[in-house]
Structure formats: structure tokens, C-alpha cells
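Content type compact mmCIF, C-alpha atoms, from the file structure-v2.txt:
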# COMPACT_ATOMS: atom_id res chain seq x y z
CA MET A 21 -3.21 -18.78 7.13
CA ALA A 22 -2.08 -15.47 5.82
CA GLU A 23 1.65 -15.40 5.72
CA PRO A 24 3.20 -12.56 7.64
CA SER A 25 3.60 -10.12 4.84
CA GLY A 26 6.37 -8.06 6.30
CA THR A 27 6.59 -4.90 4.31
CA GLU A 28 5.56 -3.69 0.94
CA ALA A 29 8.92 -2.01 0.75
CA PRO A 30 9.81 0.17 -2.22
CA ARG A 31 12.33 -1.11 -4.72
CA SER A 32 15.74 0.46 -4.63
CA ASP A 33 14.97 2.64 -7.66
CA GLU A 34 11.76 3.96 -6.12
CA PRO A 35 11.47 6.91 -3.76
CA SER A 36 11.41 6.03 -0.10
CA ASP A 37 8.39 6.67 2.09
CA HIS A 38 10.17 9.65 3.60
CA ASP A 39 10.89 11.06 0.12
CA LEU A 40 7.22 10.74 -0.75
CA ILE A 41 6.17 12.40 2.49
CA ARG A 42 8.49 15.33 1.85
CA CYS A 43 7.04 15.76 -1.64
CA ALA A 44 3.49 15.46 -0.32
CA GLN A 45 4.27 18.06 2.33
CA SER A 46 5.26 20.40 -0.49
CA GLY A 47 1.92 19.93 -2.18
CA ASP A 48 2.58 17.00 -4.47
CA GLU A 49 -0.67 15.08 -4.80
CA LEU A 50 1.02 12.42 -6.89
CA ALA A 51 3.47 11.65 -4.10
CA PHE A 52 0.66 11.11 -1.64
CA ALA A 53 -1.21 8.94 -4.14
CA THR A 54 1.94 6.82 -4.48
CA LEU A 55 2.21 6.55 -0.71
CA VAL A 56 -1.42 5.42 -0.50
CA ARG A 57 -1.01 2.85 -3.25
CA ARG A 58 2.15 1.52 -1.66
CA HIS A 59 0.57 0.95 1.74
CA GLU A 60 -3.17 0.60 1.16
CA ARG A 61 -3.06 -3.18 1.21
CA ARG A 62 -1.21 -3.20 4.49
CA ALA A 63 -3.70 -0.79 6.08
CA TYR A 64 -6.67 -2.70 4.70
CA ARG A 65 -5.29 -6.07 5.79
CA VAL A 66 -4.96 -4.91 9.41
CA ALA A 67 -8.38 -3.25 9.34
CA ARG A 68 -10.03 -6.25 7.72
CA ASN A 69 -8.69 -8.61 10.35
CA MET A 70 -9.61 -6.33 13.20
CA VAL A 71 -13.16 -5.34 12.30
CA PRO A 72 -15.66 -7.86 10.98
CA GLY A 73 -17.20 -6.21 7.92
CA ARG A 74 -15.47 -5.59 4.61
CA GLU A 75 -17.09 -2.19 4.11
CA ASP A 76 -16.17 -1.12 7.61
CA ALA A 77 -12.59 -2.21 6.98
CA LEU A 78 -12.44 -0.24 3.72
CA ASP A 79 -13.84 2.85 5.44
CA LEU A 80 -11.37 2.44 8.23
CA ALA A 81 -8.36 2.12 5.93
CA GLN A 82 -9.50 5.15 3.96
CA GLU A 83 -10.01 7.16 7.12
CA ALA A 84 -6.52 6.20 8.26
CA PHE A 85 -4.97 7.72 5.13
CA LEU A 86 -7.10 10.84 5.47
CA ARG A 87 -5.77 11.26 8.99
CA VAL A 88 -2.26 10.71 7.72
CA PHE A 89 -2.72 13.45 5.15
CA ARG A 90 -4.26 15.90 7.60
CA SER A 91 -1.28 15.47 9.94
CA LEU A 92 1.43 15.15 7.32
CA ASP A 93 3.11 18.40 8.35
CA ARG A 94 3.73 16.98 11.79
CA PHE A 95 5.35 13.73 10.64
CA ASP A 96 8.45 12.91 12.64
CA PHE A 97 11.09 11.68 10.22
CA ARG A 98 12.86 9.77 12.97
CA HIS A 99 10.16 7.11 12.66
CA GLU A 100 9.07 4.78 9.92
CA PHE A 101 5.93 5.80 8.07
CA THR A 102 4.52 2.31 8.50
CA THR A 103 4.74 2.56 12.28
CA TRP A 104 2.59 5.67 12.12
CA LEU A 105 0.14 4.12 9.69
CA TYR A 106 -0.20 0.94 11.76
CA ARG A 107 -0.85 3.05 14.84
CA ILE A 108 -3.62 5.02 13.16
CA VAL A 109 -5.25 1.92 11.71
CA THR A 110 -5.16 -0.06 14.95
CA ASN A 111 -6.46 2.90 16.96
CA LEU A 112 -9.31 3.34 14.51
CA GLY A 113 -9.99 -0.38 14.66
CA ILE A 114 -10.02 -0.41 18.45
CA ASP A 115 -12.37 2.61 18.53
CA HIS A 116 -14.64 0.94 16.00
CA LEU A 117 -14.79 -2.29 17.99
CA ARG A 118 -15.46 -0.50 21.25
CA LYS A 119 -18.35 1.38 19.70
CA ARG A 120 -19.98 -1.68 18.24
CA ARG A 121 -19.24 -4.07 21.09
CA PRO A 122 -22.45 -3.42 23.07
CA VAL A 123 -24.46 -4.08 19.93
CA VAL A 124 -22.81 -7.35 19.07
CA SER A 125 -23.69 -10.29 21.18
CA THR A 126 -23.31 -13.29 18.96
CA SER A 127 -25.23 -15.58 21.27
CA ASN A 128 -28.34 -13.44 20.82
CA MET A 129 -28.19 -13.47 17.08
CA GLY A 130 -31.16 -14.79 15.23
CA PRO A 131 -30.87 -16.87 12.08
CA GLU A 132 -30.87 -13.77 9.86
CA GLU A 133 -28.09 -12.13 11.83
CA ASP A 134 -26.10 -15.34 11.90
CA ALA A 135 -26.20 -15.26 8.14
CA GLU A 136 -24.30 -11.99 8.28
CA ILE A 137 -21.37 -13.47 10.13
CA ASP A 138 -18.28 -12.74 8.16
CA LEU A 139 -17.60 -16.04 6.50
CA PRO A 140 -14.45 -16.51 4.52
CA ASP A 141 -15.04 -16.25 0.81
CA ALA A 142 -15.58 -19.79 -0.48
CA SER A 143 -14.03 -18.82 -3.81
CA VAL A 144 -10.76 -18.07 -2.09
CA PRO A 145 -9.10 -21.39 -1.47
CA ASN A 146 -6.54 -20.62 1.18
CA PRO A 147 -8.50 -20.15 4.42
CA SER A 148 -11.34 -22.56 3.74
CA GLU A 149 -9.04 -25.31 2.53
CA ARG A 150 -7.10 -25.20 5.71
CA LEU A 151 -10.15 -25.09 7.86
CA GLU A 152 -12.21 -28.20 8.24
CA SER A 153 -15.35 -26.47 7.06
CA LEU A 154 -17.02 -23.12 6.63
CA GLU A 155 -18.82 -23.78 9.85
CA THR A 156 -15.54 -24.11 11.65
CA ALA A 157 -14.34 -20.92 10.01
CA ALA A 158 -17.44 -19.06 11.19
CA LEU A 159 -16.92 -20.37 14.69
CA VAL A 160 -13.30 -19.27 14.69
CA ARG A 161 -14.29 -15.81 13.49
CA LYS A 162 -16.82 -15.66 16.28
CA CYS A 163 -14.08 -16.43 18.79
CA ILE A 164 -11.88 -13.71 17.32
CA ASP A 165 -14.77 -11.25 17.34
CA ASN A 166 -15.29 -11.94 21.00
CA LEU A 167 -11.73 -10.99 21.86
CA ALA A 168 -11.29 -7.57 23.40
CA PRO A 169 -9.98 -4.98 20.91
CA HIS A 170 -6.52 -4.56 22.40
CA PHE A 171 -5.90 -8.30 22.19
CA ARG A 172 -7.11 -8.39 18.64
CA ALA A 173 -4.81 -5.53 17.73
CA VAL A 174 -1.61 -7.13 19.00
CA LEU A 175 -2.53 -10.54 17.61
CA THR A 176 -3.18 -9.05 14.17
CA LEU A 177 0.09 -7.14 14.18
CA ARG A 178 2.07 -10.12 15.40
CA GLU A 179 0.46 -13.11 13.70
CA LEU A 180 -0.62 -11.57 10.42
CA GLU A 181 1.82 -8.70 9.92
CA GLY A 182 4.76 -10.53 11.45
CA LEU A 183 5.94 -7.53 13.44
CA SER A 184 8.29 -7.85 16.39
CA CYS A 185 7.10 -7.21 19.93
CA ILE A 186 9.25 -4.09 20.07
CA ALA A 187 7.69 -2.72 16.87
CA ILE A 188 4.21 -3.53 18.18
CA ALA A 189 5.02 -1.80 21.45
CA GLU A 190 5.86 1.37 19.53
CA ILE A 191 2.67 1.11 17.50
CA VAL A 192 0.27 0.53 20.37
CA GLY A 193 2.09 2.82 22.77
CA ALA A 194 2.77 0.13 25.35
CA THR A 195 5.85 -1.50 26.76
CA HIS A 196 7.45 -4.57 25.28
CA VAL A 197 6.42 -6.52 28.40
CA THR A 198 2.80 -5.42 28.05
CA VAL A 199 2.75 -6.52 24.42
CA ARG A 200 4.09 -9.95 25.33
CA TRP A 201 1.51 -10.26 28.07
CA ARG A 202 -1.28 -9.32 25.65
CA LEU A 203 -0.04 -11.88 23.15
CA HIS A 204 0.06 -14.57 25.80
CA ARG A 205 -3.33 -13.61 27.20
CA GLY A 206 -4.95 -13.10 23.80
CA ARG A 207 -3.92 -16.54 22.58
CA LYS A 208 -5.03 -18.16 25.81
CA LEU A 209 -8.42 -16.40 25.73
CA PHE A 210 -8.91 -17.35 22.11
CA GLN A 211 -8.16 -20.97 22.93
CA GLU A 212 -10.58 -20.96 25.86
CA GLU A 213 -13.27 -19.33 23.75
CA TRP A 214 -12.72 -21.88 21.01
CA ALA A 215 -13.12 -24.68 23.51
CA ARG A 216 -16.30 -23.07 24.78
CA GLN A 217 -17.73 -22.59 21.29
CA GLU A 218 -16.97 -26.22 20.45
CA ARG A 219 -18.77 -27.35 23.56
CA LEU A 220 -21.76 -25.18 22.66
CA ARG A 221 -21.82 -26.57 19.15
CA ASP A 222 -21.67 -30.13 20.43
CA LEU A 223 -24.50 -29.47 22.84
CA GLY A 224 -26.77 -28.24 20.07
CA PRO A 225 -28.34 -25.00 18.78
CA ASP A 226 -30.56 -24.35 21.80
CA THR A 227 -27.76 -24.12 24.30
CA ASP A 228 -26.89 -20.53 23.50
CA SER A 229 -29.93 -19.16 25.24
CA GLU A 230 -29.23 -21.32 28.25
CA THR A 231 -25.69 -20.18 28.67
CA GLY A 232 -26.61 -16.50 28.53
CA PRO A 233 -25.03 -13.69 26.55
CA GLU A 234 -21.35 -14.00 25.89
CA SER A 235 -19.09 -11.63 27.63
CA PRO A 236 -16.34 -9.88 25.76
CA LEU A 237 -13.01 -11.56 26.22
CA ASP A 238 -11.24 -8.63 27.71
CA GLY A 239 -9.11 -10.66 30.07
CA SER A 240 -10.97 -9.55 33.16
CA ASN A 241 -13.35 -11.53 35.31
CA ASN A 242 -16.42 -10.16 33.65
CA ASP A 243 -19.61 -11.49 35.15
CA ALA A 244 -21.86 -9.52 32.87
CA GLY A 245 -22.46 -12.60 30.78
CA GLN A 246 -24.14 -14.32 33.69
CA ALA A 247 -26.48 -11.45 34.37
CA MET B 5 21.57 -24.16 32.81
CA ASN B 6 18.49 -26.26 33.43
CA SER B 7 16.84 -24.78 36.49
CA PRO B 8 15.37 -27.42 38.82
CA ASN B 9 12.56 -24.98 39.62
CA TYR B 10 11.41 -24.71 36.02
CA ASP B 11 8.28 -26.82 36.32
CA CYS B 12 4.94 -27.38 34.56
CA ALA B 13 3.53 -24.08 35.86
CA ASP B 14 6.42 -22.16 34.33
CA VAL B 15 6.07 -23.97 31.04
CA ARG B 16 2.33 -23.32 30.81
CA GLN B 17 2.90 -19.72 31.69
CA ASN B 18 5.31 -19.43 28.78
CA LEU B 19 3.61 -21.80 26.38
CA TYR B 20 1.93 -19.19 24.16
CA LEU B 21 5.04 -17.05 23.91
CA PHE B 22 7.08 -20.16 23.20
CA LEU B 23 4.70 -20.97 20.35
CA GLY B 24 5.08 -17.52 18.86
CA GLY B 25 8.85 -17.40 19.34
CA GLU B 26 8.55 -14.46 21.71
CA LEU B 27 10.28 -15.77 24.80
CA ASP B 28 12.81 -13.32 26.14
CA SER B 29 15.90 -15.46 26.13
CA THR B 30 17.34 -18.48 24.45
CA GLU B 31 17.77 -19.85 27.96
CA GLN B 32 14.00 -19.79 28.52
CA MET B 33 13.46 -21.38 25.13
CA ALA B 34 15.93 -24.15 25.94
CA GLU B 35 14.41 -24.84 29.35
CA THR B 36 10.89 -24.95 27.92
CA GLU B 37 11.96 -27.32 25.15
CA LYS B 38 13.73 -29.54 27.62
CA HIS B 39 10.72 -29.69 29.91
CA LEU B 40 8.35 -30.41 27.04
CA GLY B 41 10.58 -33.29 26.01
CA GLN B 42 10.18 -34.82 29.43
CA CYS B 43 6.54 -34.00 30.32
CA PRO B 44 3.66 -35.58 28.33
CA GLU B 45 1.02 -33.40 30.05
CA CYS B 46 2.75 -30.22 29.00
CA ARG B 47 3.25 -31.64 25.52
CA GLU B 48 -0.50 -32.21 25.33
CA GLU B 49 -1.04 -28.58 26.39
CA LEU B 50 1.33 -27.51 23.67
CA THR B 51 -0.57 -29.54 21.07
CA VAL B 52 -3.87 -27.92 22.04
CA ALA B 53 -2.35 -24.44 22.00
CA LYS B 54 -0.75 -25.10 18.63
CA ARG B 55 -4.04 -26.25 17.17
CA SER B 56 -5.77 -23.16 18.51
CA ARG B 57 -3.14 -20.90 16.97
CA GLU B 58 -3.45 -22.67 13.63
CA LEU B 59 -7.20 -22.07 13.71
CA TYR B 60 -6.66 -18.39 14.39
CA LEU B 61 -4.20 -18.07 11.51
CA ALA B 62 -6.43 -20.07 9.16
CA ALA B 63 -9.35 -17.77 9.87
CA ALA B 64 -7.40 -14.69 8.81
CA VAL B 65 -9.13 -12.95 5.96
CA ASP B 66 -7.18 -13.27 2.75
CA THR B 67 -7.07 -9.71 1.49
CA ASP B 68 -4.40 -10.29 -1.15
CA SER B 69 -6.92 -11.60 -3.65
CA GLU B 70 -9.17 -8.55 -3.30
CA GLU B 71 -9.12 -5.67 -5.72
CA LEU B 72 -8.15 -2.58 -3.81
CA ASP B 73 -7.94 1.05 -4.85
CA LEU B 74 -8.45 3.46 -2.02
CA TRP B 75 -6.95 6.51 -3.70
CA PRO B 76 -9.97 7.78 -5.68
CA GLY B 77 -12.10 7.79 -2.53
CA ILE B 78 -9.38 9.46 -0.50
CA ARG B 79 -8.82 12.09 -3.18
CA SER B 80 -12.53 12.84 -3.38
CA ARG B 81 -12.69 13.33 0.35
CA LEU B 82 -9.65 15.61 0.31
CA TYR B 83 -11.22 17.65 -2.50
CA SER B 84 -14.61 17.85 -0.80
CA GLU B 85 -13.00 18.95 2.44
CA GLN B 86 -10.98 21.47 0.40
CA ILE B 87 -7.78 20.16 1.94
CA LEU B 88 -6.61 19.35 -1.56
CA GLU B 89 -7.44 21.63 -4.44
CA PRO B 90 -7.92 19.97 -7.82
CA ARG B 91 -5.83 21.43 -10.57
CA GLN B 92 -5.23 18.55 -12.88
CA ALA B 93 -6.99 15.22 -12.68
CA SER B 94 -4.53 12.53 -11.75
CA ASN B 95 -5.68 9.04 -11.06
CA ALA B 96 -2.63 7.03 -11.85
CA PRO B 97 0.55 7.93 -10.08
CA GLY B 98 3.61 7.53 -12.24
CA PRO B 99 7.23 7.36 -11.29
CA SER B 100 7.73 11.11 -11.38
CA LEU B 101 7.48 13.19 -8.29
CA ALA B 102 6.82 16.38 -10.17
CA VAL B 103 5.49 19.05 -7.88
CA GLY B 104 2.52 21.09 -8.91
CA ARG B 105 -0.14 18.60 -9.95
CA SER B 106 -2.34 20.13 -7.35
CA THR B 107 -2.27 22.85 -4.82
CA LEU B 108 -2.44 22.10 -1.16
CA ARG B 109 -4.05 24.72 0.94
CA ARG B 110 -2.34 23.62 4.04
CA LEU B 111 1.18 24.37 2.92
CA ALA B 112 3.58 25.09 5.71
CA PRO B 113 4.08 28.85 6.37
CA TRP B 114 7.78 28.63 5.61
CA THR B 115 6.98 27.16 2.20
CA MET B 116 4.76 30.12 1.39
CA ALA B 117 7.39 32.56 2.63
CA ALA B 118 10.08 30.89 0.52
CA ALA B 119 7.85 31.05 -2.55
CA ALA B 120 7.18 34.76 -1.98
CA ALA B 121 10.89 35.45 -1.59
CA ALA B 122 11.69 33.57 -4.79
CA ALA B 123 9.03 35.50 -6.70
CA PHE B 124 10.39 38.79 -5.39
CA LEU B 125 13.94 37.92 -6.48
CA LEU B 126 12.73 36.98 -9.95
CA ALA B 127 10.81 40.23 -10.28
CA LEU B 128 13.61 42.38 -8.90
CA PRO B 129 15.18 43.45 -12.24
CA PHE B 130 11.82 44.65 -13.50
CA LEU B 131 11.11 46.46 -10.30
CA ARG B 132 14.46 48.17 -10.45
CA GLU B 133 13.81 49.34 -13.99
CA GLN B 134 10.38 50.56 -13.13
CA PHE B 135 11.03 52.41 -9.93
CA ALA B 136 14.70 53.14 -9.54
CA SER B 137 16.13 56.64 -10.10
CA PRO B 138 17.90 57.01 -13.47
CA THR B 139 21.08 57.79 -11.58
CA SER B 140 21.22 54.15 -10.73
CA ILE B 141 21.23 53.09 -14.33
CA ASP B 142 24.70 52.31 -15.38
CA SER B 143 25.12 52.94 -19.06
CA GLY B 144 28.03 50.64 -19.39
CA PRO B 145 31.73 50.38 -18.91
CA GLY B 146 33.63 53.59 -19.37
CA THR B 147 30.56 55.72 -19.16
CA PRO B 148 30.78 58.27 -16.41
CA PRO B 149 28.02 57.90 -13.89
CA MET B 150 25.32 60.45 -14.01
CA VAL B 151 25.95 63.15 -11.52
CA ALA B 152 23.65 64.96 -9.22
CA ASP B 153 22.60 67.57 -11.76
CA PRO B 154 18.80 67.58 -12.04
CA ILE B 155 19.08 67.64 -15.80
CA GLU B 156 21.43 64.73 -15.90
CA HIS B 157 19.27 62.82 -13.44
CA ASP B 158 16.53 62.76 -15.99
CA ALA B 159 18.69 62.06 -18.96
CA PRO B 160 18.89 58.42 -20.06
CA LYS B 161 21.86 58.69 -22.33
CA ALA B 162 21.32 55.54 -24.32
CA ASP B 163 17.81 56.53 -25.25
CA LEU B 164 18.89 59.94 -26.35
CA VAL B 165 21.80 58.77 -28.42
CA ALA B 166 20.11 55.88 -30.08
CA GLY B 167 16.78 57.63 -30.32
CA LYS B 168 15.06 54.67 -28.80
CA GLU B 169 11.66 54.96 -27.27
CA SER B 170 12.06 55.28 -23.58
CA ARG B 171 9.64 54.42 -20.87
CA LEU B 172 11.22 57.16 -18.78
CA ARG B 173 10.05 60.74 -18.77
CA PRO B 174 11.71 62.99 -21.37
CA VAL B 175 14.23 65.42 -19.98
CA LEU B 176 12.72 68.86 -19.78
CA ILE B 177 14.66 72.07 -19.69
CA GLY B 178 12.14 74.76 -19.16
CA ASP B 179 9.25 73.88 -21.42
CA GLU B 180 11.20 71.89 -23.97
CA SER B 181 12.88 68.57 -23.95
CA LEU B 182 16.61 68.18 -24.22
CA ILE B 183 16.30 66.90 -27.76
CA GLU B 184 14.11 69.77 -28.77
CA ARG B 185 16.55 72.18 -27.18
CA GLU B 186 19.50 70.56 -28.93
CA GLN B 187 17.72 70.79 -32.22
CA ARG B 188 16.86 74.42 -31.57
CA LEU B 189 20.45 75.28 -30.58
CA LEU B 190 21.71 73.50 -33.66
CA GLU B 191 19.36 75.49 -35.77
CA GLU B 192 20.48 78.74 -34.08
CA GLN B 193 24.15 77.85 -34.54
CA ARG B 194 23.49 77.05 -38.17
CA ARG B 195 21.92 80.51 -38.55
CA ASP B 196 24.60 82.23 -36.37
CA PRO B 197 27.94 80.27 -36.43
CA ALA B 198 29.66 82.79 -34.13
CA SER B 199 27.32 82.17 -31.28
CA GLY B 200 29.35 79.39 -29.56
CA ALA B 201 30.76 75.92 -29.68
CA ASN B 202 29.44 73.28 -31.99
CA VAL B 203 27.19 71.27 -29.73
CA LEU B 204 27.39 68.30 -32.04
CA ASP B 205 30.99 67.81 -30.97
CA THR B 206 30.00 67.72 -27.38
CA HIS B 207 29.03 64.71 -25.48
CA PRO B 208 25.39 65.15 -24.61
CA PHE B 209 26.16 64.66 -20.96
CA ASP B 210 29.37 66.58 -20.92
CA SER B 211 28.91 69.53 -18.61
CA SER B 212 30.30 71.81 -21.35
CA MET B 213 27.20 71.13 -23.34
CA TYR B 214 25.16 72.43 -20.46
CA ASP B 215 27.39 75.46 -20.31
CA VAL B 216 26.35 76.15 -23.85
CA VAL B 217 22.75 75.49 -23.00
CA ASN B 218 22.97 77.75 -19.98
CA GLN B 219 24.70 80.47 -21.94
CA ARG B 220 21.97 80.27 -24.53
CA ARG B 221 19.36 80.36 -21.80
CA LEU B 222 20.98 83.42 -20.24
CA ARG B 223 21.08 85.27 -23.47
Render the structure in this file as C-alpha cells.
Amino acid sequence: MAEPSGTEAPRSDEPSDHDLIRCAQSGDELAFATLVRRHERRAYRVARNMVPGREDALDLAQEAFLRVFRSLDRFDFRHEFTTWLYRIVTNLGIDHLRKRRPVVSTSNMGPEEDAEIDLPDASVPNPSERLESLETAALVRKCIDNLAPHFRAVLTLRELEGLSCIAIAEIVGATHVTVRWRLHRGRKLFQEEWARQERLRDLGPDTDSETGPESPLDGSNNDAGQA
Amino acid sequence: MNSPNYDCADVRQNLYLFLGGELDSTEQMAETEKHLGQCPECREELTVAKRSRELYLAAAVDTDSEELDLWPGIRSRLYSEQILEPRQASNAPGPSLAVGRSTLRRLAPWTMAAAAAAAFLLALPFLREQFASPTSIDSGPGTPPMVADPIEHDAPKADLVAGKESRLRPVLIGDESLIEREQRLLEEQRRDPASGANVLDTHPFDSSMYDVVNQRRLR
């Protein structure tokens, strides 16, 4: 489990995010570089836990900062920089997932494609130690990947970033009530998908083709999977 | 406090928010806890939900152990898109926030206007010297301002007195400069002492000097 990291807040003797933005708005490249270095891990962490591939996550985090820079003149100093950054990253992540969703259907994956499932790095002890096995980890990732993007976004922001529902509401542009509903629904869908994946695993490797393609867990009664 | 209507359906509806500590009120939290203490079926539901959440958290990708340096790639993109103009290579940001390590092309219009105004103010003394009428040049305290005589207009007193090289045009009276004329008058007075006042005792910009000059011219 990744601990909710909270913020990579500047020390008291360091310039604030708003100070850095003002300098960057005046043409200070160094200030923007400092802003990137201060928040790159946060942006990457969200991206990495929203989209499956490492390279995609890196591209996404980089693109987020490029968008920040291009719109720096329009930054509203009434808000926290991190709120803006989170919003850009999650929107990019959601767009990315929506684009790739028709392509990904884990139940149709062949052995080669299965090998590309984003397994946790075995050299990193934390996740794999807590999980029963790499197989379990892969199955869990598959369940997460099957969640609809907007559920994945709020779960990442809440469970991994440790943000409040009110902060998430501001980031995703929804109401506090909607965020709570998405958290409730996202966790429930994940649990149901986990139960389903466990059943499939217990039944054996040939059951995937019998159960048909998996439908995205978007919270709706999607019958596409039975087609 | 404990609503009699708060049953298993309510608890299961709130179970996932209860797990995440996101229930709206402490009252809801208390009622859920109380019900869970009394209902083994709901407790079993809670156990399953808790296990599921633990799996989700355990599967989170640990990014803290990864090397990460996005800035070089971002900077390259900004350079290639000509949003940022390289001036001085800077890969490692230091504590300073010195402005001017690079030039941004997308500076706000007011920033450009302010810079232009500042440059104009800095250049103002030079502009004044270059283009202003000599009448505006104050020679110093106690010096009478140059008057509207065309001769005086063109007569920078300090240059004449000190013999310094001046960037201004020499004062011409007819075809000769004031200095040449003074030297000629001096020579004439030396040859003919009765011709008038000693111009050397006269302030070069005293109108009496010009009386002498004019008298000489009339003769």
C-alpha cells in the first residue's frame, strides 16, 4: 500500500508555489523548473496509478506540466497550484483511458499480451510483500484496469493521494456528493470485479472465452459483455 | 441517537464510505458502528469490503523508488515549440529565483509595456542631451538662463568658457563662430584700443558683449 503522501510542500525557507508561478510568469525558467521538480512525483504517481503503462504515465505527467506552462498566464491565485495540477493530470488520465478502452479487453488477451500486464516490480518489496503473490497482484491490477476512468480517478486521489472529498470535488469538477457516490460505487465495483476474477481463476484458464469479453466497470448495466 | 430504522440496508449502503472515513456525520458513523457490533452478517460484509480495499491499496504502484526527472524533457519540448527560448543552459535549479535565465516569448503584454517604459526612463537623460534645445540646458546655479536671442540659443556657455569639445553646433554669427569673432574683435581692439569696451571683461553671454559685436558689425 502506498501511504497517502499528502503534499510535497515546500519548506518554510523555500519559495511558495505561488511565488514560483509569479516568477515563471515573468520569464524565469528556473522558477518553472523548480515547480516541476517539486511536483513531478505527485503528477507521476497519479498518472502511474491511473494508466497502466509506465511510459504512458511519464508522457502524461510531462504533458500535464507542458499544459501548465502554456496556461501559466491564466493561473488563478485564489487556488492551490496542486489542485490545478491534479485536475490536468486526472483529465489527461481519463482521456487516455477512454481512448484505449475499446482496445483493451483483458479477457481476449493471448499469452503474449498477458505478459505485458503491468506487474508490480518484484525488486520493490512493498506491494508484492503485502500481496499474496505476483499472480494476485496482476489480478488486482486487472480489476483496477477494468474500472471506468472516473472511478479510477477519484479512488486514486482519495486512496493514494489522501485528498479530502471536498478537494477531490474541486479537482474533478463535481459536487462533494457525487465524489462520495463515486467512491462508494468504485469500491463496490472493484470488490465485485475481484470476486468475479477470483471465480474465473478458480474455474481455470479456459473459462475466459466462455464468459465473453469483460465489460468496463462504468457503474451502468452494460450488456455489451454478453454480446 | 440510535435510529430504529437504521438497518442492514443502510449499513451496506454506507459500508464503503464508512471504511474510507467519508461518512457525512459522526452520527452516521456511530450508528454504523453500533449496528456492526450487533449484526454478524453486516460484520462479514465489512470484512470482505475491507479485504477488497486492502488489495486495491496493495496493488498501488510504488513510484517513490523510481528515478524521476521530467524537467529535461519538458524543457526540450518548450524549446522545440519555441515557447521557451534558450539563453543559458540550466539543468539544475538552485535556490535563486533570478530572472533572466531565459526569455519567454509569451510574456504578458503589460510586462512588455513596463519594460519599454523602464528603458525609456533610463534613456531619457541621453535623449534630452541629444535632442533638446540648448535653452533647456541649465548651466548651473546662479547662471542666468539663456534668453530667446538666436545667438544665445546656440551658445553653450560652458563649452565656450572651458574650451571643451562640444557635440552641439558652434555658434555662428554671419560666417564665423562666436569664438572666431571674439578673437577677431580682440585682435582689432589690440590694434585700435579706442574702438570700444574691452570684451574680455564682458561676460560672453552678457548682452553688452553683443552690443559690442553688433556695433562692430555695423561699422
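Remark: for chain A, the closest of the candidate residues B:Gln17, B:Ser84, B:Asn9, B:Thr36 is B:Gln17 (distances computed over all atoms listed in the file).
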### Who sits within 10 Å of Asp76 of chain A, all atoms listed in the file, same chain under 6 positions skipped, as a PyMOL selection string
chain A and resi 67-68+82+113+116
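Coordinates place atom CA of Arg107 of chain A at a distance of 10.3 Å from atom CA of Leu177 of chain A.
Omitting Arg205 of chain A and its sequence neighbours fewer than 6 positions away, and counting only C-alpha atoms, the residues within 12 Å are Leu167, Ala168, His170, Phe171, Arg172, Val174, Leu175, Thr198, Val199, Gln211, Glu212, Glu213, Leu237, Asp238, Gly239 and Ser240 of chain A; Arg16, Gln17, Asn18, Leu19, Tyr20 and Leu21 of chain B.
Nearest to Pro169 of chain A of all the residues A:Ala63, A:Met70, A:Leu50, A:Ala44 is A:Met70, based on all atoms listed in the file.
What separates atom CA of Asn69 of chain A from atom CA of Ile108 of chain A is a distance of 14.8 Å.
Atom CA of Leu40 of chain A to atom CA of Gly182 of chain A spans 24.6 Å [interatomic distance, one decimal].
Among the candidate residues A:Thr195, A:Thr103, A:Asn111, A:Thr156, the one lying nearest to chain B is A:Thr156, with distances computed using only C-alpha atoms.
Proximity ranking of A:Ala157, A:Ile164, A:Ala51, A:Leu223 relative to Lys208 of chain A places A:Ile164 first, based on all atoms listed in the file.
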#### Entry: Close residues, Ile78 of chain B itself excluded, 12 Å, all atoms listed in the file, min 5 positions apart in chain, as a PyMOL selection string
(chain A and resi 49+52-53+55-57+60+78-90) or (chain B and resi 73+83-85+87-88+95)
